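*Asks:* Encoded as structure tokens, here's the structure I'll be asking about.
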Amino acid sequence: MPAAQHTLNLARRLGILRSKDLAPHGIARTYLRRLCEQGRLRRVGRGLYATADGPRSPQDTLAVIARRVPDAVVCLLSALRIHDLTTQSPFEVWIAIPRRARTPKLDDVPVRVVRMAPDVLAAGVVAVKIDGVAVPVFDLEKTVVDCFRFRSRIGLDVALEALREYVRQPQRRLERLLRYAQIGRVRKSIQPYLEALL
């Protein structure tokens, strides 16, 4: 199979192709530039490429971040947006990373980083497919709990809006919400608001 076609097939399979994904297949990186010039690939970030005819979503930045920072989990305002729990439209992508991890350098993508302990970071992670890429995102309940944990950074009004919208959801799982609140040490903060809304 010609290298150009093999590169396009890789981009289709991975959703977003990193230039370093070519090395194990023995393909030179020059094919990326050539395919971009031909209009068959598009550059979506530094060292990241997608097929020109591939799907594009308003959240394609999240797919780029998932490929560039594999340890990150989409959280807070960005996760609220994915779950349709907010009217906020953040211009930055909020990501959670391990406490001792290096802060990622993403010059071309605006990000806001929060750090979490391993047990808190591992709780409630689900994968959401965006432009063919599995993007790690906190589930509904974990996102609401994190809004209370980081209310000093995002605002109590945002946390309360998220909780109000969550309570209206038919698929809500209150026992899971309270378990995450216990793990995140905010159960006493969230419980009075929750009781008032139920």
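Going by the structure tokens order, chains are called A, B, ..., each with residues numbered from 1, while ligands are numbered from 1 in the order shown.
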Using only C-alpha atoms, determine which residues lie at most 7 Å from range 81-87 of chain A, disregarding the query and same-chain residues fewer than 3 positions distant; provide the list as a CSV table (one decimal) with all heavy atoms, in the first residue's frame.

*Replies:*
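That gives us result.csv:
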chain,number,residue,atom,x,y,z
A,77,LEU,N,-16.3,23.3,33.6
A,77,LEU,CA,-17.2,24.0,32.6
A,77,LEU,C,-17.2,23.2,31.2
A,77,LEU,O,-18.3,23.2,30.6
A,77,LEU,CB,-16.7,25.4,32.4
A,77,LEU,CG,-16.8,26.3,33.6
A,77,LEU,CD1,-16.3,27.7,33.2
A,77,LEU,CD2,-18.2,26.4,34.1
A,78,SER,N,-16.1,22.7,30.8
A,78,SER,CA,-16.1,21.9,29.5
A,78,SER,C,-16.9,20.7,29.6
A,78,SER,O,-17.6,20.3,28.7
A,78,SER,CB,-14.7,21.6,29.1
A,78,SER,OG,-13.9,22.8,29.0
A,140,LEU,N,-21.6,12.7,34.5
A,140,LEU,CA,-22.6,13.7,35.0
A,140,LEU,C,-22.4,14.0,36.5
A,140,LEU,O,-22.2,15.2,36.9
A,140,LEU,CB,-24.0,13.2,34.8
A,140,LEU,CG,-25.1,14.1,34.4
A,140,LEU,CD1,-24.7,14.9,33.2
A,140,LEU,CD2,-26.3,13.3,34.1
A,161,GLU,N,-26.2,26.2,39.4
A,161,GLU,CA,-26.9,25.9,38.1
A,161,GLU,C,-26.7,24.5,37.7
A,161,GLU,O,-27.7,23.8,37.2
A,161,GLU,CB,-26.4,26.9,37.1
A,161,GLU,CG,-27.0,26.7,35.7
A,161,GLU,CD,-26.3,27.4,34.6
A,161,GLU,OE1,-25.1,27.7,34.7
A,161,GLU,OE2,-27.0,27.7,33.5
A,162,ALA,N,-25.5,24.0,37.8
A,162,ALA,CA,-25.2,22.6,37.4
A,162,ALA,C,-26.0,21.6,38.3
A,162,ALA,O,-26.6,20.6,37.7
A,162,ALA,CB,-23.7,22.3,37.6
A,165,GLU,N,-29.8,21.8,37.2
A,165,GLU,CA,-30.0,21.1,35.9
A,165,GLU,C,-29.8,19.6,36.1
A,165,GLU,O,-30.6,18.8,35.5
A,165,GLU,CB,-29.0,21.6,34.9
A,165,GLU,CG,-29.3,23.0,34.4
A,165,GLU,CD,-30.7,23.2,33.8
A,165,GLU,OE1,-31.1,22.3,33.0
A,165,GLU,OE2,-31.3,24.2,34.2
A,166,TYR,N,-28.9,19.2,37.0
A,166,TYR,CA,-28.7,17.7,37.2
A,166,TYR,C,-29.9,17.1,37.8
A,166,TYR,O,-30.4,16.0,37.4
A,166,TYR,CB,-27.5,17.5,38.1
A,166,TYR,CG,-27.3,16.1,38.6
A,166,TYR,CD1,-26.9,15.1,37.7
A,166,TYR,CD2,-27.7,15.7,39.9
A,166,TYR,CE1,-26.8,13.8,38.1
A,166,TYR,CE2,-27.6,14.4,40.3
A,166,TYR,CZ,-27.2,13.4,39.4
A,166,TYR,OH,-27.1,12.1,39.8

*Asks:* So that I can check the secondary structure, give me every residue of range 23-194 of chain A assigned strand (DSSP E or B) by backbone DSSP, as a ChimeraX atom specification.

*Replies:* /A:41-45,48-51,73-74,93-98,111-116,125-130,133-138

*Asks:* Keeping N, CA, C and O atoms for every residue in the selection just given, could you write it to a file as a short mmCIF file (atom, residue, chain, number, x, y, z; two decimals), in the first residue's frame?

*Replies:*
data_model
loop_
_atom_site.label_atom_id
_atom_site.label_comp_id
_atom_site.auth_asym_id
_atom_site.auth_seq_id
_atom_site.Cartn_x
_atom_site.Cartn_y
_atom_site.Cartn_z
N LEU A 41 -5.54 16.07 3.91
CA LEU A 41 -5.43 16.15 5.36
C LEU A 41 -5.55 17.61 5.77
O LEU A 41 -5.28 18.51 4.96
N ARG A 42 -5.94 17.85 7.01
CA ARG A 42 -5.94 19.21 7.55
C ARG A 42 -5.20 19.20 8.88
O ARG A 42 -5.28 18.23 9.63
N ARG A 43 -4.46 20.26 9.13
CA ARG A 43 -3.73 20.38 10.39
C ARG A 43 -4.69 20.93 11.43
O ARG A 43 -5.27 21.99 11.24
N VAL A 44 -4.86 20.20 12.55
CA VAL A 44 -5.80 20.63 13.58
C VAL A 44 -5.09 21.13 14.84
O VAL A 44 -5.73 21.63 15.75
N GLY A 45 -3.78 21.02 14.87
CA GLY A 45 -2.97 21.47 16.00
C GLY A 45 -1.53 21.17 15.68
O GLY A 45 -1.22 20.53 14.68
N LEU A 48 -0.63 17.59 14.80
CA LEU A 48 -1.88 16.82 14.77
C LEU A 48 -2.61 17.04 13.46
O LEU A 48 -2.75 18.18 13.00
N TYR A 49 -3.12 15.94 12.89
CA TYR A 49 -3.75 16.00 11.57
C TYR A 49 -5.02 15.15 11.56
O TYR A 49 -5.11 14.14 12.24
N ALA A 50 -5.98 15.58 10.74
CA ALA A 50 -7.21 14.82 10.54
C ALA A 50 -7.52 14.82 9.05
O ALA A 50 -7.02 15.67 8.30
N THR A 51 -8.33 13.88 8.62
CA THR A 51 -8.70 13.85 7.21
C THR A 51 -9.53 15.08 6.88
O THR A 51 -10.31 15.55 7.71
N VAL A 73 -8.27 14.68 31.77
CA VAL A 73 -9.70 14.37 31.73
C VAL A 73 -10.43 15.70 31.62
O VAL A 73 -10.16 16.63 32.38
N VAL A 74 -11.35 15.80 30.68
CA VAL A 74 -12.14 17.02 30.51
C VAL A 74 -13.03 17.18 31.74
O VAL A 74 -13.69 16.22 32.16
N VAL A 93 -10.60 25.26 27.49
CA VAL A 93 -10.96 23.88 27.79
C VAL A 93 -10.42 23.57 29.18
O VAL A 93 -9.24 23.73 29.45
N TRP A 94 -11.31 23.14 30.06
CA TRP A 94 -10.93 22.78 31.42
C TRP A 94 -10.52 21.31 31.44
O TRP A 94 -11.29 20.45 31.02
N ILE A 95 -9.30 21.05 31.94
CA ILE A 95 -8.83 19.67 32.04
C ILE A 95 -8.28 19.41 33.45
O ILE A 95 -7.74 20.31 34.09
N ALA A 96 -8.44 18.18 33.89
CA ALA A 96 -7.87 17.74 35.16
C ALA A 96 -6.69 16.83 34.86
O ALA A 96 -6.76 16.00 33.95
N ILE A 97 -5.61 17.04 35.60
CA ILE A 97 -4.41 16.20 35.43
C ILE A 97 -3.95 15.74 36.81
O ILE A 97 -4.35 16.30 37.82
N PRO A 98 -3.09 14.71 36.85
CA PRO A 98 -2.57 14.26 38.15
C PRO A 98 -1.81 15.38 38.87
O PRO A 98 -1.22 16.26 38.23
N VAL A 111 -6.26 26.35 27.47
CA VAL A 111 -6.69 25.38 28.48
C VAL A 111 -6.59 25.99 29.87
O VAL A 111 -5.79 26.89 30.12
N ARG A 112 -7.40 25.46 30.76
CA ARG A 112 -7.35 25.79 32.18
C ARG A 112 -7.15 24.47 32.89
O ARG A 112 -7.93 23.54 32.71
N VAL A 113 -6.12 24.36 33.69
CA VAL A 113 -5.73 23.10 34.33
C VAL A 113 -6.10 23.10 35.80
O VAL A 113 -5.86 24.09 36.50
N VAL A 114 -6.69 21.99 36.26
CA VAL A 114 -6.86 21.74 37.69
C VAL A 114 -6.15 20.44 38.00
O VAL A 114 -6.06 19.56 37.15
N ARG A 115 -5.65 20.34 39.21
CA ARG A 115 -4.91 19.15 39.61
C ARG A 115 -5.72 18.36 40.63
O ARG A 115 -6.38 18.95 41.48
N MET A 116 -5.64 17.03 40.51
CA MET A 116 -6.41 16.17 41.40
C MET A 116 -5.56 15.00 41.88
O MET A 116 -4.65 14.56 41.17
N VAL A 125 -14.73 8.59 35.29
CA VAL A 125 -14.25 8.92 33.95
C VAL A 125 -14.99 8.06 32.91
O VAL A 125 -15.07 6.84 33.06
N VAL A 126 -15.52 8.71 31.90
CA VAL A 126 -16.16 8.02 30.78
C VAL A 126 -15.51 8.52 29.49
O VAL A 126 -14.89 9.57 29.48
N ALA A 127 -15.64 7.75 28.44
CA ALA A 127 -15.09 8.16 27.14
C ALA A 127 -16.23 8.63 26.24
O ALA A 127 -17.24 7.95 26.11
N VAL A 128 -16.05 9.80 25.66
CA VAL A 128 -17.01 10.36 24.72
C VAL A 128 -16.33 10.46 23.36
O VAL A 128 -15.21 11.00 23.27
N LYS A 129 -16.95 9.92 22.32
CA LYS A 129 -16.36 9.98 20.97
C LYS A 129 -16.58 11.35 20.37
O LYS A 129 -17.72 11.81 20.23
N ILE A 130 -15.49 12.02 20.04
CA ILE A 130 -15.55 13.33 19.38
C ILE A 130 -14.61 13.26 18.18
O ILE A 130 -13.42 13.02 18.34
N VAL A 133 -12.27 10.34 18.09
CA VAL A 133 -11.30 10.19 19.17
C VAL A 133 -12.06 9.96 20.48
O VAL A 133 -13.03 10.66 20.77
N ALA A 134 -11.63 8.97 21.27
CA ALA A 134 -12.22 8.73 22.58
C ALA A 134 -11.66 9.75 23.56
O ALA A 134 -10.49 9.73 23.90
N VAL A 135 -12.50 10.69 23.97
CA VAL A 135 -12.08 11.79 24.86
C VAL A 135 -12.52 11.45 26.29
O VAL A 135 -13.72 11.26 26.54
N PRO A 136 -11.56 11.37 27.25
CA PRO A 136 -11.94 11.10 28.63
C PRO A 136 -12.62 12.34 29.24
O PRO A 136 -12.08 13.44 29.19
N VAL A 137 -13.80 12.12 29.81
CA VAL A 137 -14.60 13.19 30.41
C VAL A 137 -15.18 12.65 31.70
O VAL A 137 -15.50 11.46 31.79
N PHE A 138 -15.32 13.51 32.71
CA PHE A 138 -15.99 13.07 33.92
C PHE A 138 -17.48 12.93 33.64
O PHE A 138 -18.06 13.72 32.89
#

*Asks:* When you draw a straight line from CA of Leu156 in chain A to CA of Arg172 in chain A, how long is it in Å?

*Replies:*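 Between CA of Leu156 in chain A and CA of Arg172 in chain A the gap works out to 20.9 Å.
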
*Asks:* What is the CA of Asp107 in chain A to CA of Thr143 in chain A distance in Å?

*Replies:*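 Between CA of Asp107 in chain A and CA of Thr143 in chain A the gap works out to 25.9 Å.
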
*Asks:* I want to know what sits within 10 Å of Leu8 in chain A, based on only C-alpha atoms, with residues of the same chain fewer than 3 positions away left out; could you give that as a list in words?

*Replies:*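 Answer for this query is Ala3, Ala4, Gln5, Ala11, Arg12, Arg13, Leu14, Leu17, Tyr31, Leu32, Leu35, Arg40, Leu41, Tyr49, Ala50, Thr51 and Ala52 of chain A.
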
*Asks:* Report as JSON, numbers by chain all protein, DNA and RNA residues lying within 10 Å of range 192-194 of chain A, evaluated on only C-alpha atoms, omitting residues in the same chain fewer than 5 positions from it.

*Replies:* {"A": [160, 163, 164, 166, 167, 174, 178, 187]}

*Asks:* One decimal, Å: what's the distance from CA of Pro110 in chain A over to CA of Glu92 in chain A, could you say?

*Replies:*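 Distance between the two atoms: 4.9 Å.
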
*Asks:* Write out as a PyMOL selection string which residues come within 12 Å of Arg151 in chain A when counting only C-alpha atoms, dropping same-chain ones fewer than 2 positions away.

*Replies:* chain A and resi 76-77+143-149+153-162+186+189-190

*Asks:* Considering only C-alpha atoms, return as a PyMOL selection string whatever protein or nucleic-acid residues lie within 12 Å of Arg68 in chain A, sequence-local ones (same chain, fewer than 2 positions apart) excluded.

*Replies:* chain A and resi 16-21+44-49+61-66+70-73+104-109+133+135
